[in-house]
$ cat protein-v5.cif   # mmCIF, C-alpha atoms
data_my_file
loop_
_atom_site.group_PDB
_atom_site.id
_atom_site.type_symbol
_atom_site.label_atom_id
_atom_site.label_comp_id
_atom_site.auth_asym_id
_atom_site.auth_seq_id
_atom_site.Cartn_x
_atom_site.Cartn_y
_atom_site.Cartn_z
ATOM 1 C CA MET O 128 6.417 19.652 -5.029
ATOM 2 C CA ARG O 129 9.864 18.010 -4.662
ATOM 3 C CA ARG O 130 8.151 15.032 -3.026
ATOM 4 C CA LEU O 131 5.770 14.804 -6.005
ATOM 5 C CA LEU O 132 8.681 14.802 -8.471
ATOM 6 C CA PHE O 133 10.400 12.057 -6.457
ATOM 7 C CA VAL O 134 7.207 9.950 -6.517
ATOM 8 C CA LEU O 135 6.864 10.427 -10.272
ATOM 9 C CA PHE O 136 10.500 9.392 -10.832
ATOM 10 C CA ALA O 137 10.010 6.333 -8.643
ATOM 11 C CA CYS O 138 6.859 5.260 -10.447
ATOM 12 C CA PHE O 139 8.458 5.622 -13.872
ATOM 13 C CA SER O 140 11.310 3.441 -12.592
ATOM 14 C CA GLN O 141 8.789 0.841 -11.416
ATOM 15 C CA ALA O 142 7.107 0.918 -14.829
ATOM 16 C CA ALA O 143 10.415 0.338 -16.598
ATOM 17 C CA LEU O 144 11.153 -2.696 -14.411
ATOM 18 C CA ALA O 145 7.681 -4.111 -14.894
ATOM 19 C CA GLN O 146 8.164 -4.235 -18.682
ATOM 20 C CA GLU O 147 10.727 -6.987 -18.226
ATOM 21 C CA ALA O 148 8.106 -9.448 -16.975
ATOM 22 C CA PRO O 149 4.638 -10.589 -18.097
ATOM 23 C CA TYR O 150 2.069 -7.933 -17.173
ATOM 24 C CA PHE O 151 -1.094 -8.695 -15.220
ATOM 25 C CA GLU O 152 -3.358 -5.706 -14.556
ATOM 26 C CA ASP O 153 -4.697 -6.956 -11.212
ATOM 27 C CA MET O 154 -1.192 -7.567 -9.868
ATOM 28 C CA ARG O 155 0.415 -4.195 -10.554
ATOM 29 C CA VAL O 156 0.350 -2.962 -6.930
ATOM 30 C CA TRP O 157 2.814 -5.736 -5.980
ATOM 31 C CA SER O 158 5.444 -3.803 -7.979
ATOM 32 C CA LEU O 159 7.479 -6.910 -8.741
ATOM 33 C CA GLY O 160 10.613 -5.981 -10.630
ATOM 34 C CA GLY O 161 11.849 -9.393 -11.737
ATOM 35 C CA GLU O 162 14.185 -11.992 -10.309
ATOM 36 C CA ASP O 163 15.695 -12.241 -6.818
ATOM 37 C CA SER O 164 12.995 -10.161 -5.146
ATOM 38 C CA VAL O 165 12.402 -11.381 -1.578
ATOM 39 C CA ARG O 166 8.817 -11.299 -0.342
ATOM 40 C CA HIS O 167 6.887 -12.616 2.665
ATOM 41 C CA ILE O 168 4.018 -15.092 2.405
ATOM 42 C CA PHE O 169 0.761 -13.122 2.779
ATOM 43 C CA ALA O 170 -1.773 -15.961 2.932
ATOM 44 C CA ASP O 171 -2.399 -17.706 6.246
ATOM 45 C CA THR O 172 -1.183 -20.860 4.504
ATOM 46 C CA ALA O 173 0.179 -21.183 0.978
ATOM 47 C CA PHE O 174 0.785 -24.259 -1.136
ATOM 48 C CA ILE O 175 3.968 -24.690 -3.145
ATOM 49 C CA ARG O 176 3.551 -26.824 -6.259
ATOM 50 C CA ILE O 177 5.993 -28.607 -8.527
ATOM 51 C CA SER O 178 4.596 -26.806 -11.596
ATOM 52 C CA PRO O 179 2.264 -23.817 -12.204
ATOM 53 C CA ASP O 180 -0.943 -25.824 -12.090
ATOM 54 C CA THR O 181 -3.516 -26.349 -9.310
ATOM 55 C CA ARG O 182 -4.013 -29.911 -10.545
ATOM 56 C CA GLN O 183 -0.581 -30.722 -9.172
ATOM 57 C CA LEU O 184 -0.500 -31.842 -5.555
ATOM 58 C CA PRO O 185 1.294 -29.438 -3.197
ATOM 59 C CA ILE O 186 4.899 -30.306 -2.447
ATOM 60 C CA ASP O 187 5.118 -27.928 0.528
ATOM 61 C CA THR O 188 3.029 -25.648 2.715
ATOM 62 C CA LEU O 189 4.351 -22.264 3.819
ATOM 63 C CA LEU O 190 2.886 -20.028 6.529
ATOM 64 C CA ALA O 191 2.266 -16.300 6.751
ATOM 65 C CA GLY O 192 5.577 -14.516 7.172
ATOM 66 C CA ASP O 193 7.760 -17.180 5.554
ATOM 67 C CA ASP O 194 10.228 -15.776 3.037
ATOM 68 C CA VAL O 195 10.409 -16.675 -0.637
ATOM 69 C CA THR O 196 12.786 -15.394 -3.313
ATOM 70 C CA ILE O 197 11.275 -14.912 -6.760
ATOM 71 C CA LYS O 198 13.205 -16.627 -9.559
ATOM 72 C CA GLN O 199 10.773 -15.978 -12.395
ATOM 73 C CA ILE O 200 7.383 -14.440 -13.130
ATOM 74 C CA THR O 201 5.767 -16.947 -15.477
ATOM 75 C CA ASP O 202 3.147 -16.332 -18.154
ATOM 76 C CA LYS O 203 0.899 -18.984 -16.583
ATOM 77 C CA SER O 204 -2.066 -17.405 -14.780
ATOM 78 C CA LEU O 205 -4.726 -18.212 -12.216
ATOM 79 C CA THR O 206 -7.796 -16.239 -11.142
ATOM 80 C CA LEU O 207 -8.846 -16.220 -7.468
ATOM 81 C CA LYS O 208 -11.103 -13.789 -5.585
ATOM 82 C CA GLY O 209 -11.611 -11.882 -8.817
ATOM 83 C CA LEU O 210 -7.868 -11.318 -9.268
ATOM 84 C CA LYS O 211 -5.993 -12.656 -12.281
ATOM 85 C CA GLY O 212 -2.311 -13.136 -11.613
ATOM 86 C CA PRO O 213 0.714 -15.202 -12.611
ATOM 87 C CA TRP O 214 2.406 -18.178 -11.093
ATOM 88 C CA LEU O 215 5.826 -17.389 -9.696
ATOM 89 C CA GLN O 216 8.795 -19.698 -9.613
ATOM 90 C CA VAL O 217 10.342 -19.257 -6.174
ATOM 91 C CA LYS O 218 13.074 -20.604 -3.967
ATOM 92 C CA TYR O 219 12.819 -20.877 -0.189
ATOM 93 C CA ILE O 220 14.246 -22.563 2.888
ATOM 94 C CA LYS O 221 12.215 -25.097 4.856
ATOM 95 C CA ASP O 222 13.550 -27.207 7.723
ATOM 96 C CA GLY O 223 17.012 -25.969 6.814
ATOM 97 C CA ILE O 224 16.768 -27.304 3.258
ATOM 98 C CA ALA O 225 16.861 -25.092 0.135
ATOM 99 C CA LYS O 226 13.900 -25.845 -2.128
ATOM 100 C CA ASP O 227 12.062 -24.389 -5.109
ATOM 101 C CA GLY O 228 8.610 -24.568 -6.641
ATOM 102 C CA TYR O 229 5.687 -22.491 -7.868
ATOM 103 C CA ILE O 230 3.220 -20.244 -6.052
ATOM 104 C CA TRP O 231 0.408 -17.951 -7.194
ATOM 105 C CA GLN O 232 1.373 -14.283 -6.837
ATOM 106 C CA GLY O 233 -1.721 -13.369 -4.824
ATOM 107 C CA LEU O 234 -0.400 -15.476 -1.927
ATOM 108 C CA ILE O 235 2.685 -13.314 -1.360
ATOM 109 C CA GLY O 236 2.938 -9.818 0.078
ATOM 110 C CA CYS O 237 3.766 -6.482 -1.489
ATOM 111 C CA SER O 238 6.673 -4.338 -0.250
ATOM 112 C CA PRO O 239 8.249 -6.285 2.653
ATOM 113 C CA MET O 240 8.389 -4.593 6.068
ATOM 114 C CA ARG O 241 9.705 -5.755 9.411
ATOM 115 C CA ARG O 242 10.850 -4.569 12.814
ATOM 116 C CA GLY O 243 12.896 -7.208 14.584
ATOM 117 C CA ASP O 244 11.024 -10.496 14.254
ATOM 118 C CA VAL O 245 7.676 -8.769 13.584
ATOM 119 C CA LYS O 246 6.652 -8.575 9.926
ATOM 120 C CA PHE O 247 4.010 -6.273 8.466
ATOM 121 C CA ILE O 248 2.606 -7.932 5.352
ATOM 122 C CA TYR O 249 0.039 -6.430 2.993
ATOM 123 C CA ALA O 250 -1.455 -7.328 -0.363
ATOM 124 C CA VAL O 251 -4.653 -7.117 -2.372
ATOM 125 C CA ASP O 252 -6.926 -9.601 -0.630
ATOM 126 C CA ARG O 253 -9.763 -9.511 -3.170
ATOM 127 C CA ARG O 254 -11.838 -7.291 -5.410
ATOM 128 C CA ALA O 255 -14.264 -4.947 -3.627
ATOM 129 C CA ASP O 256 -16.171 -3.497 -6.581
ATOM 130 C CA SER O 257 -19.407 -1.633 -5.978
ATOM 131 C CA SER O 258 -22.178 -0.474 -8.292
ATOM 132 C CA TYR O 259 -24.054 2.803 -8.551
ATOM 133 C CA VAL O 260 -26.572 4.404 -10.894
ATOM 134 C CA LEU O 261 -25.559 7.466 -12.919
ATOM 135 C CA GLU O 262 -28.136 9.126 -15.176
ATOM 136 C CA GLY O 263 -30.153 5.930 -15.252
ATOM 137 C CA ASN O 264 -27.193 3.719 -16.134
ATOM 138 C CA LYS O 265 -25.574 1.163 -13.845
ATOM 139 C CA GLU O 266 -21.898 1.863 -13.339
ATOM 140 C CA ILE O 267 -19.198 -0.159 -11.603
ATOM 141 C CA SER O 268 -16.716 1.420 -9.221
ATOM 142 C CA LYS O 269 -13.623 -0.790 -9.391
ATOM 143 C CA ARG O 270 -11.881 -1.160 -6.045
ATOM 144 C CA PHE O 271 -9.396 -3.372 -4.223
ATOM 145 C CA LEU O 272 -9.660 -4.602 -0.648
ATOM 146 C CA ILE O 273 -6.173 -4.357 0.862
ATOM 147 C CA ARG O 274 -5.366 -6.368 3.967
ATOM 148 C CA LEU O 275 -2.461 -5.780 6.344
ATOM 149 C CA LYS O 276 -1.291 -8.555 8.680
ATOM 150 C CA VAL O 277 1.081 -8.393 11.620
ATOM 151 C CA VAL O 278 3.006 -11.662 11.837
ATOM 152 C CA GLN O 279 5.552 -12.941 14.339
ATOM 153 C CA LYS O 280 7.213 -16.351 14.000
ATOM 154 C CA GLY O 281 4.440 -17.691 11.787
ATOM 155 C CA LYS O 282 1.622 -16.462 14.052
ATOM 156 C CA ILE O 283 -0.791 -13.774 12.830
ATOM 157 C CA LEU O 284 -1.082 -11.309 15.712
ATOM 158 C CA ALA O 285 -3.551 -8.870 14.127
ATOM 159 C CA SER O 286 -4.961 -7.725 10.809
ATOM 160 C CA GLY O 287 -6.662 -4.683 9.345
ATOM 161 C CA SER O 288 -8.050 -3.647 5.986
ATOM 162 C CA LEU O 289 -8.834 -0.736 3.710
ATOM 163 C CA ILE O 290 -10.396 -0.180 0.303
ATOM 164 C CA THR O 291 -8.548 1.735 -2.405
ATOM 165 C CA PRO O 292 -9.647 2.595 -5.969
ATOM 166 C CA ASP O 293 -8.632 0.245 -8.758
ATOM 167 C CA ASP O 294 -7.641 2.991 -11.157
ATOM 168 C CA GLU O 295 -4.472 4.833 -12.152
ATOM 169 C CA SER O 296 -3.805 5.617 -8.486
ATOM 170 C CA ALA O 297 -3.155 1.902 -7.941
ATOM 171 C CA SER O 298 -0.436 1.612 -10.580
ATOM 172 C CA TYR O 299 2.071 0.671 -7.887
ATOM 173 C CA SER O 300 2.445 0.625 -4.110
ATOM 174 C CA THR O 301 5.112 1.233 -1.496
ATOM 175 C CA ALA O 302 5.124 0.965 2.282
ATOM 176 C CA ARG O 303 7.165 1.864 5.330
ATOM 177 C CA VAL O 304 7.277 1.302 9.081
ATOM 178 C CA MET O 305 7.908 4.272 11.347
ATOM 179 C CA SER O 306 8.274 4.645 15.090
ATOM 180 C CA GLY O 307 5.229 5.392 17.244
ATOM 181 C CA MET O 308 5.906 9.102 16.543
ATOM 182 C CA GLY O 309 5.318 10.028 20.184
ATOM 183 C CA LEU O 310 1.813 8.565 20.509
ATOM 184 C CA THR O 311 1.349 6.907 23.916
ATOM 185 C CA GLY O 312 1.386 3.103 23.727
ATOM 186 C CA VAL O 313 2.073 3.016 19.969
ATOM 187 C CA GLN O 314 5.240 1.171 18.981
ATOM 188 C CA ASN O 315 4.986 1.518 15.200
ATOM 189 C CA ILE O 316 3.044 3.376 12.533
ATOM 190 C CA VAL O 317 2.693 1.618 9.172
ATOM 191 C CA THR O 318 2.019 3.595 5.995
ATOM 192 C CA LEU O 319 0.705 1.962 2.810
ATOM 193 C CA THR O 320 0.983 4.163 -0.277
ATOM 194 C CA PHE O 321 -0.782 3.754 -3.626
ATOM 195 C CA SER O 322 0.021 6.041 -6.535
ATOM 196 C CA GLY O 323 0.150 6.496 -10.291
ATOM 197 C CA GLU O 324 2.645 7.012 -13.077
ATOM 198 C CA ALA O 325 1.789 10.521 -14.304
ATOM 199 C CA CYS O 326 0.932 14.024 -13.184
ATOM 200 C CA GLY O 327 -2.588 14.587 -11.896
ATOM 201 C CA ILE O 328 -2.912 11.094 -10.400
ATOM 202 C CA PRO O 329 -3.657 11.059 -6.638
ATOM 203 C CA THR O 330 -1.292 9.466 -4.154
ATOM 204 C CA TYR O 331 -3.158 7.821 -1.264
ATOM 205 C CA ASP O 332 -1.416 7.215 2.066
ATOM 206 C CA TYR O 333 -3.166 4.852 4.492
ATOM 207 C CA TYR O 334 -1.966 4.736 8.107
ATOM 208 C CA PHE O 335 -2.161 2.044 10.781
ATOM 209 C CA GLY O 336 -0.961 2.179 14.369
ATOM 210 C CA TRP O 337 0.541 -0.942 15.963
ATOM 211 C CA THR O 338 0.176 -0.668 19.725
ATOM 212 C CA LYS O 339 2.397 -2.114 22.410
ATOM 213 C CA ASP O 340 -0.459 -4.342 23.607
ATOM 214 C CA GLY O 341 -0.975 -5.902 20.161
ATOM 215 C CA LYS O 342 -3.763 -3.882 18.517
ATOM 216 C CA LEU O 343 -3.729 -2.739 14.892
ATOM 217 C CA VAL O 344 -5.665 0.524 14.590
ATOM 218 C CA ARG O 345 -6.684 2.442 11.458
ATOM 219 C CA PHE O 346 -5.427 6.014 11.578
ATOM 220 C CA PRO O 347 -6.587 8.907 9.360
ATOM 221 C CA ASP O 348 -5.616 8.818 5.684
ATOM 222 C CA LYS O 349 -4.231 11.548 3.460
ATOM 223 C CA THR O 350 -4.165 12.359 -0.243
ATOM 224 C CA ASN O 351 -1.732 14.324 -2.400
ATOM 225 C CA VAL O 352 -2.085 15.223 -6.073
ATOM 226 C CA GLY O 353 -0.480 17.761 -8.363
ATOM 227 C CA ASP O 354 0.293 18.799 -11.901
ATOM 228 C CA ALA O 355 3.601 20.705 -12.004
ATOM 229 C CA GLY O 356 3.069 24.395 -12.658
ATOM 230 C CA VAL O 357 -0.721 24.038 -12.797
ATOM 231 C CA PHE O 358 -2.031 23.016 -9.369
ATOM 232 C CA TYR O 359 -1.327 20.905 -6.326
ATOM 233 C CA HIS O 360 -3.285 19.609 -3.361
ATOM 234 C CA SER O 361 -1.154 18.712 -0.357
ATOM 235 C CA GLU O 362 -2.155 16.976 2.876
ATOM 236 C CA THR O 363 0.300 16.449 5.737
ATOM 237 C CA PHE O 364 0.263 15.112 9.291
ATOM 238 C CA ILE O 365 2.043 16.454 12.348
ATOM 239 C CA PHE O 366 2.671 13.823 15.024
ATOM 240 C CA PRO O 367 3.487 14.501 18.694
ATOM 241 C CA ASN O 368 7.273 14.114 18.333
ATOM 242 C CA GLU O 369 7.499 16.492 15.353
ATOM 243 C CA LYS O 370 7.828 20.265 15.286
ATOM 244 C CA ASN O 371 4.573 21.892 16.490
ATOM 245 C CA GLY O 372 3.308 18.463 17.537
ATOM 246 C CA LYS O 373 0.834 18.137 20.392
ATOM 247 C CA PRO O 374 0.665 15.337 23.009
ATOM 248 C CA ASP O 375 -1.387 12.370 21.782
ATOM 249 C CA MET O 376 -2.751 14.289 18.826
ATOM 250 C CA ILE O 377 -2.446 13.939 15.051
ATOM 251 C CA VAL O 378 -2.797 17.273 13.261
ATOM 252 C CA TRP O 379 -3.894 17.187 9.606
ATOM 253 C CA ASN O 380 -3.072 20.169 7.399
ATOM 254 C CA MET O 381 -4.248 20.782 3.863
ATOM 255 C CA ILE O 382 -3.451 23.378 1.227
ATOM 256 C CA THR O 383 -4.543 23.658 -2.412
ATOM 257 C CA GLU O 384 -2.896 26.056 -4.835
ATOM 258 C CA GLU O 385 -3.565 26.823 -8.491
ATOM 259 C CA ALA O 386 -1.638 28.746 -11.131
ATOM 260 C CA THR O 387 -2.671 32.296 -11.955
ATOM 261 C CA ASP O 388 -2.158 34.084 -15.270
ATOM 262 C CA ASP O 389 0.743 36.035 -13.775
ATOM 263 C CA LEU O 390 4.388 35.061 -14.256
ATOM 264 C CA ASP O 391 7.323 35.439 -11.902
ATOM 265 C CA LYS O 392 10.759 36.704 -12.972
ATOM 266 C CA ASP O 393 11.723 33.209 -14.161
ATOM 267 C CA GLY O 394 8.667 32.894 -16.390
ATOM 268 C CA ASN O 395 6.802 30.487 -14.101
ATOM 269 C CA TYR O 396 3.133 30.943 -13.305
ATOM 270 C CA ILE O 397 2.543 32.401 -9.849
ATOM 271 C CA MET O 398 0.508 30.092 -7.621
ATOM 272 C CA THR O 399 -2.369 31.258 -5.449
ATOM 273 C CA THR O 400 -3.962 29.455 -2.499
ATOM 274 C CA THR O 401 -7.550 28.408 -3.206
ATOM 275 C CA ASP O 402 -8.211 26.247 -0.147
ATOM 276 C CA LYS O 403 -6.602 25.342 3.152
ATOM 277 C CA GLY O 404 -7.654 23.664 6.370
ATOM 278 C CA GLU O 405 -6.684 21.902 9.567
ATOM 279 C CA LYS O 406 -8.147 19.009 11.528
ATOM 280 C CA GLN O 407 -7.096 17.664 14.895
ATOM 281 C CA TYR O 408 -7.422 14.023 15.888
ATOM 282 C CA VAL O 409 -7.001 12.891 19.486
ATOM 283 C CA TRP O 410 -5.431 9.521 20.287
ATOM 284 C CA ASP O 411 -7.013 7.578 23.160
ATOM 285 C CA PRO O 412 -4.346 5.055 24.280
ATOM 286 C CA VAL O 413 -6.673 3.337 26.757
ATOM 287 C CA ASN O 414 -9.313 2.416 24.175
ATOM 288 C CA ALA O 415 -6.894 2.417 21.194
ATOM 289 C CA LYS O 416 -9.070 4.860 19.291
ATOM 290 C CA VAL O 417 -8.551 7.949 17.125
ATOM 291 C CA SER O 418 -11.301 10.593 17.178
ATOM 292 C CA LEU O 419 -11.775 13.807 15.216
ATOM 293 C CA ILE O 420 -12.137 16.843 17.453
ATOM 294 C CA ALA O 421 -15.247 18.738 16.392
ATOM 295 C CA LYS O 422 -14.802 22.466 15.975
#
$ encode --input "protein-v5.cif" --output "structure tokens"
Amino acid sequence: MRRLLFVLFACFSQAALAQEAPYFEDMRVWSLGGEDSVRHIFADTAFIRISPDTRQLPIDTLLAGDDVTIKQITDKSLTLKGLKGPWLQVKYIKDGIAKDGYIWQGLIGCSPMRRGDVKFIYAVDRRADSSYVLEGNKEISKRFLIRLKVVQKGKILASGSLITPDDESASYSTARVMSGMGLTGVQNIVTLTFSGEACGIPTYDYYFGWTKDGKLVRFPDKTNVGDAGVFYHSETFIFPNEKNGKPDMIVWNMITEEATDDLDKDGNYIMTTTDKGEKQYVWDPVNAKVSLIAK
């Protein structure tokens, strides 16, 4: 539960920062907080323009992994791949010269990550909406396709993707790079997190493994959600180098608890376990593959 409270505090902080700049619904997972935020270029190639207008000829071309510093989030917008977002005024260094110009937000990455000269860059690549029929009516399931790229010195080494709901669970995103956590041949594990700004909103954690021979592999995902004092659903992983870890295995544990009508001595509702489970995934370092072990 302490982790949930920390996430809620963080997301409220992100919301407060976001109020300082023009708001674009499709761009919220970038979690831009205003000026002087450094981000990596996400697009394979990105044009810099002298003003926020595609009718202007590009003044520069940047490559995936190049750094830009955001000076201003403008109120000028552009829609590409179903995403409406603002033009950003940025500054950058090219050929040793400090420059500035404008770039569409969808061409830069979300939370920057790097290990040495290797950068892990992710962003919403496009909409991935799907339709379904409910009680005779056509409904739209709003979703984002997220792409993660591994970039070194301007060269894209690998990429992977996932689809996450475009709902309150995509109110903001964070990311981190870990070690290989004891998995053979894995040099880094990248986690992309999408969450909301209130209780009862799921937090989705998507995992990728970056192998020593240059493969980017999707690992199992996990979900956490809770409403303080009412219920919580917790999913965790145990990796080989952690307590109770097993060689080349990822162990998934789940527990769900709900409040009863009984109170403890402090007047809090006593929680009871309503569901729990465990899954074991085996890592095959030769074929760079994760497989669920059937019970």
$ closest_residue --input "protein-v5.cif" --among "O:Val304, O:Leu159, O:Met154, O:Ile248" --to "Ala191 of chain O" --atoms "only C-alpha atoms"
O:Ile248
$ resolve_selection --input "protein-v5.cif" --expression "the PyMOL selection byres ((chain O and resi 315) around 9)" --output "PyMOL selection string"
chain O and resi 242+304-308+313-314+316-317+335-339
$ resolve_selection --input "protein-v5.cif" --expression "the PyMOL selection byres ((chain O and resi 375) around 9)" --output "number ranges by chain"
O: 309-311, 366-367, 372-374, 376-377, 408-412
$ residues_around --input "protein-v5.cif" --residues "Ser288 of chain O" --least-positions-apart "2" --cutoff "12 Å" --atoms "all atoms listed in the file" --output "list in words"
Ile248, Tyr249, Ala250, Val251, Asp252, Arg253, Ala255, Phe271, Leu272, Ile273, Arg274, Leu275, Lys276, Val277, Ala285, Ser286, Ile290, Thr291, Leu319, Tyr333, Tyr334, Phe335, Leu343, Val344, Arg345 and Phe346 of chain O
$ closest_residue --input "protein-v5.cif" --among "O:Gln216, O:Asn368, O:Ser178, O:Gln279" --to "Ile197 of chain O" --atoms "only C-alpha atoms"
O:Gln216
$ atom_distance --input "protein-v5.cif" --atom1 "atom CA of Ser322 of chain O" --atom2 "atom CA of Ser296 of chain O"
4.3 Å
$ atom_distance --input "protein-v5.cif" --atom1 "atom CA of Asp222 of chain O" --atom2 "atom CA of Leu190 of chain O"
12.9 Å
$ atom_distance --input "protein-v5.cif" --atom1 "atom CA of Asn395 of chain O" --atom2 "atom CA of Phe364 of chain O"
28.7 Å
$ resolve_selection --input "protein-v5.cif" --expression "the PyMOL selection byres ((chain O and resi 378-393) around 7)" --output "VMD selection string"
chain O and resid 356 to 366 376 to 377 394 to 408
$ axis_aligned_box --input "protein-v5.cif" --around "segment 294-309 of chain O" --padding-each-side "5 Å" --output "JSON"
{"center_x": 0.3, "center_y": 5.3, "center_z": 4.0, "size_x": 25.9, "size_y": 19.4, "size_z": 42.3}
$ closest_residue --input "protein-v5.cif" --among "O:Pro347, O:Gly243, O:Gly327, O:Gly312" --to "Val278 of chain O" --atoms "all atoms listed in the file"
O:Gly243
$ closest_residue --input "protein-v5.cif" --among "O:Ser257, O:Val165, O:Met240, O:Asp153" --to "Gly212 of chain O" --atoms "only C-alpha atoms"
O:Asp153
$ closest_residue --input "protein-v5.cif" --among "O:Phe151, O:Trp214, O:Trp157, O:Tyr229" --to "Leu189 of chain O" --atoms "all atoms listed in the file"
O:Tyr229
$ residues_around --input "protein-v5.cif" --residues "Phe321 of chain O" --least-positions-apart "4" --cutoff "12 Å" --atoms "only C-alpha atoms" --output "ChimeraX atom specification"
/O:134,138,155-158,237-238,250-251,271,273,289-302,328-334,348-352
$ closest_residue --input "protein-v5.cif" --among "O:Val245, O:Ala415, O:Val260, O:Leu210" --to "His167 of chain O" --atoms "only C-alpha atoms"
O:Val245
$ residues_near_point --input "protein-v5.cif" --point "(8.0, -27.3, -9.2)" --cutoff "9 Å" --atoms "only C-alpha atoms" --output "ChimeraX atom specification"
/O:175-179,186,216-217,227-229
$ decode --input "protein-v5.cif" --residues "segment 160-184 of chain O" --atoms "C-alpha atoms" --output "PDB file, in the first residue's frame"
ATOM      1  CA  GLY O 160       6.358  19.597 -16.781  1.00  0.00           C
ATOM      2  CA  GLY O 161       7.368  22.796 -18.552  1.00  0.00           C
ATOM      3  CA  GLU O 162      10.644  24.422 -19.490  1.00  0.00           C
ATOM      4  CA  ASP O 163      14.173  22.983 -19.426  1.00  0.00           C
ATOM      5  CA  SER O 164      13.053  19.363 -19.666  1.00  0.00           C
ATOM      6  CA  VAL O 165      15.615  17.312 -21.617  1.00  0.00           C
ATOM      7  CA  ARG O 166      14.232  14.597 -23.877  1.00  0.00           C
ATOM      8  CA  HIS O 167      15.581  12.288 -26.587  1.00  0.00           C
ATOM      9  CA  ILE O 168      14.346  12.312 -30.179  1.00  0.00           C
ATOM     10  CA  PHE O 169      11.979   9.337 -30.601  1.00  0.00           C
ATOM     11  CA  ALA O 170      11.359   9.449 -34.358  1.00  0.00           C
ATOM     12  CA  ASP O 171      13.876   7.831 -36.696  1.00  0.00           C
ATOM     13  CA  THR O 172      14.340  11.310 -38.162  1.00  0.00           C
ATOM     14  CA  ALA O 173      12.759  14.551 -36.987  1.00  0.00           C
ATOM     15  CA  PHE O 174      12.550  17.924 -38.682  1.00  0.00           C
ATOM     16  CA  ILE O 175      13.230  21.138 -36.796  1.00  0.00           C
ATOM     17  CA  ARG O 176      11.378  24.156 -38.168  1.00  0.00           C
ATOM     18  CA  ILE O 177      11.817  27.886 -37.738  1.00  0.00           C
ATOM     19  CA  SER O 178       8.193  28.271 -36.585  1.00  0.00           C
ATOM     20  CA  PRO O 179       5.391  25.887 -35.483  1.00  0.00           C
ATOM     21  CA  ASP O 180       4.071  25.236 -38.971  1.00  0.00           C
ATOM     22  CA  THR O 181       4.615  22.327 -41.392  1.00  0.00           C
ATOM     23  CA  ARG O 182       4.494  24.803 -44.276  1.00  0.00           C
ATOM     24  CA  GLN O 183       7.875  26.074 -43.149  1.00  0.00           C
ATOM     25  CA  LEU O 184      10.863  24.282 -44.634  1.00  0.00           C
TER      26      LEU O 184
END
